[in-house]
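Enquirer: One structure, as C-alpha cells, below. Some questions next.
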Amino acid sequence: MPADSGIAEAAAVLRDGGLVAFPTETVYGLGANALDARAAARIFEAKARPSFDPLITHLADAADLEKLVGPVPPVVAALAERFWPGPLTLIVDRPAEIPPIVTSGLDTMAVRVPDEPSARALIRAAGVPVAAPSANRFGQLSPTRAEHVVKGLGAAVDVVLDGGPTRCGIESTIVDARGAQPVVLRLGALALEELVEAVGPVSVRPGSSGQPVAPGTLAAHYAPRTPLRVVTGAQPAPADGGRRGFLAFRERPADGYAAVVVLSPAGDVTEAAARLFDALHRLDAAGVTEILAEAVPDTGVGRAINDRLRRAAATWDPAG
C-alpha cells in the first residue's frame, strides 16, 4: 500500500506483533516491535537470518534515545544531534526494555532515526521503537524498491509500504562512539569525511566472519544470486562468448556483454550509491552467468559502494 496513506494500518500491524516493510532514506526495512521478543523473532524467521546477527532499532525522534536508554555518552549525543534524522546508526548500551534477541545477546544496541518522513510517521504512530534490518533474505541484495521486497520476501511480510525508490540506496554508516575515539563498524551512506569533520579522527574496523559486533558487518554479505567479481577499469569484451553482465561506474564497457548497467554517467559516487542495489537486482534478473562489477573511486560514499561490492564478491570466492 502507499506509504503516505497506509501508516495507520501498518502501525496497528506493528503493535499487534506483525511485520511491516517500509522505506527509509537508505534501503527498505523489515520492521517489528522492538519491545516484543516474539515479533523480533519473526524478523529472523522471515529473512532466514542467523540469530547471531543483531538488528537496528529505529526511533521516530532523536529525543527518544535518552528516554529509552538513559544518559547518553557525550560524543554519541553530539553525533545524534548533528546527523539525526539521517543515515547514521549509533551503538549504545542495551536498555532492559529491549529483548536480547534484538541485539543477538550483545549488551549493546544499534539505533538510528531514519531521514524518511513516512518511516518516522510509522514509528510515531506505532508508539514503539521498531527493530528493522533490510527487508530481504539474509545475505542477499538489499531492497531499494517495494517490488524488491515483494519478490524477495513475499507473504512473509504482513504489510509493504511503497514509498518509491530510496534516496541513498545503501545502508547506514554504523559508529561506536562510546570510547575515546569513534570506531566505524560499517561503512555506509554517511561519508567518513563528514564524521571526521564533526568529531575528529575515527578508526575503521573491517567486517568479520565471526560473531558480528554490529548489524551488516559479516565479511561476505549483500550478494546477488549470480556470482560477482570486482574489477578495476576498462574490461575487454568476453572472449568466450559467455553471458556475462557488467556493472560500470560511468562508462559503458566494450560490446559483448549480455547486460550492462552504468551507475553514473556523470561520475557521481552519490548517484552511483543510490542506484547500486537496484542495478544489481536488474543484472541478477538478466540471466547472466557472472557479474563483473567495476570498483568506484574510493572517496566519500564510494568507500561504502566498494565495501558492498567486496562483500558480495567474497560470497562467491571459491577459496572463501
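Ordered as shown in the C-alpha cells, chains take letters A, B, and onward, while each chain numbers its residues from 1 and ligands are numbered from 1 in the order shown.
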What's around range 260-273 of chain A at 9 Å? Count only C-alpha atoms, leave out sequence neighbours fewer than 2 positions away in its own chain, and write the answer as a ChimeraX atom specification.
Expert: /A:168-170,189,244-253,257-258,275-277,279-280,282-283,296-297,299-302,304-305
Enquirer: Could you pull out the helix (DSSP H, G or I) residues of range 157-316 of chain A from DSSP and send them as number ranges by chain?
Expert: A: 192-199, 269-284, 302-315
Enquirer: I need the residues in range 184-252 of chain A that are strand (DSSP E or B) according to DSSP; give them as a list in words.
Expert: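 Of range 184-252 of chain A, the ones in strand (DSSP E or B) are Val184, Leu185, Arg186, Ser203, Val204, Ser208, Leu218, Ala223, Leu228, Arg229, Val230, Val231, Arg244, Gly245, Phe246, Leu247 and Ala248 of chain A.
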Enquirer: Which of these, A:Glu294, A:Pro238, A:Glu66, A:Arg229, has the shortest distance to Ala312 in chain A once you count only C-alpha atoms?
Expert: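 Comparing A:Glu294, A:Pro238, A:Glu66, A:Arg229 against Ala312 in chain A, the winner is A:Arg229.
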Enquirer: Measuring atom to atom with only C-alpha atoms, identify which of A:Gln235, A:Thr24, A:Thr166, A:Thr108 is nearest to Pro133 in chain A.
Expert: A:Thr24
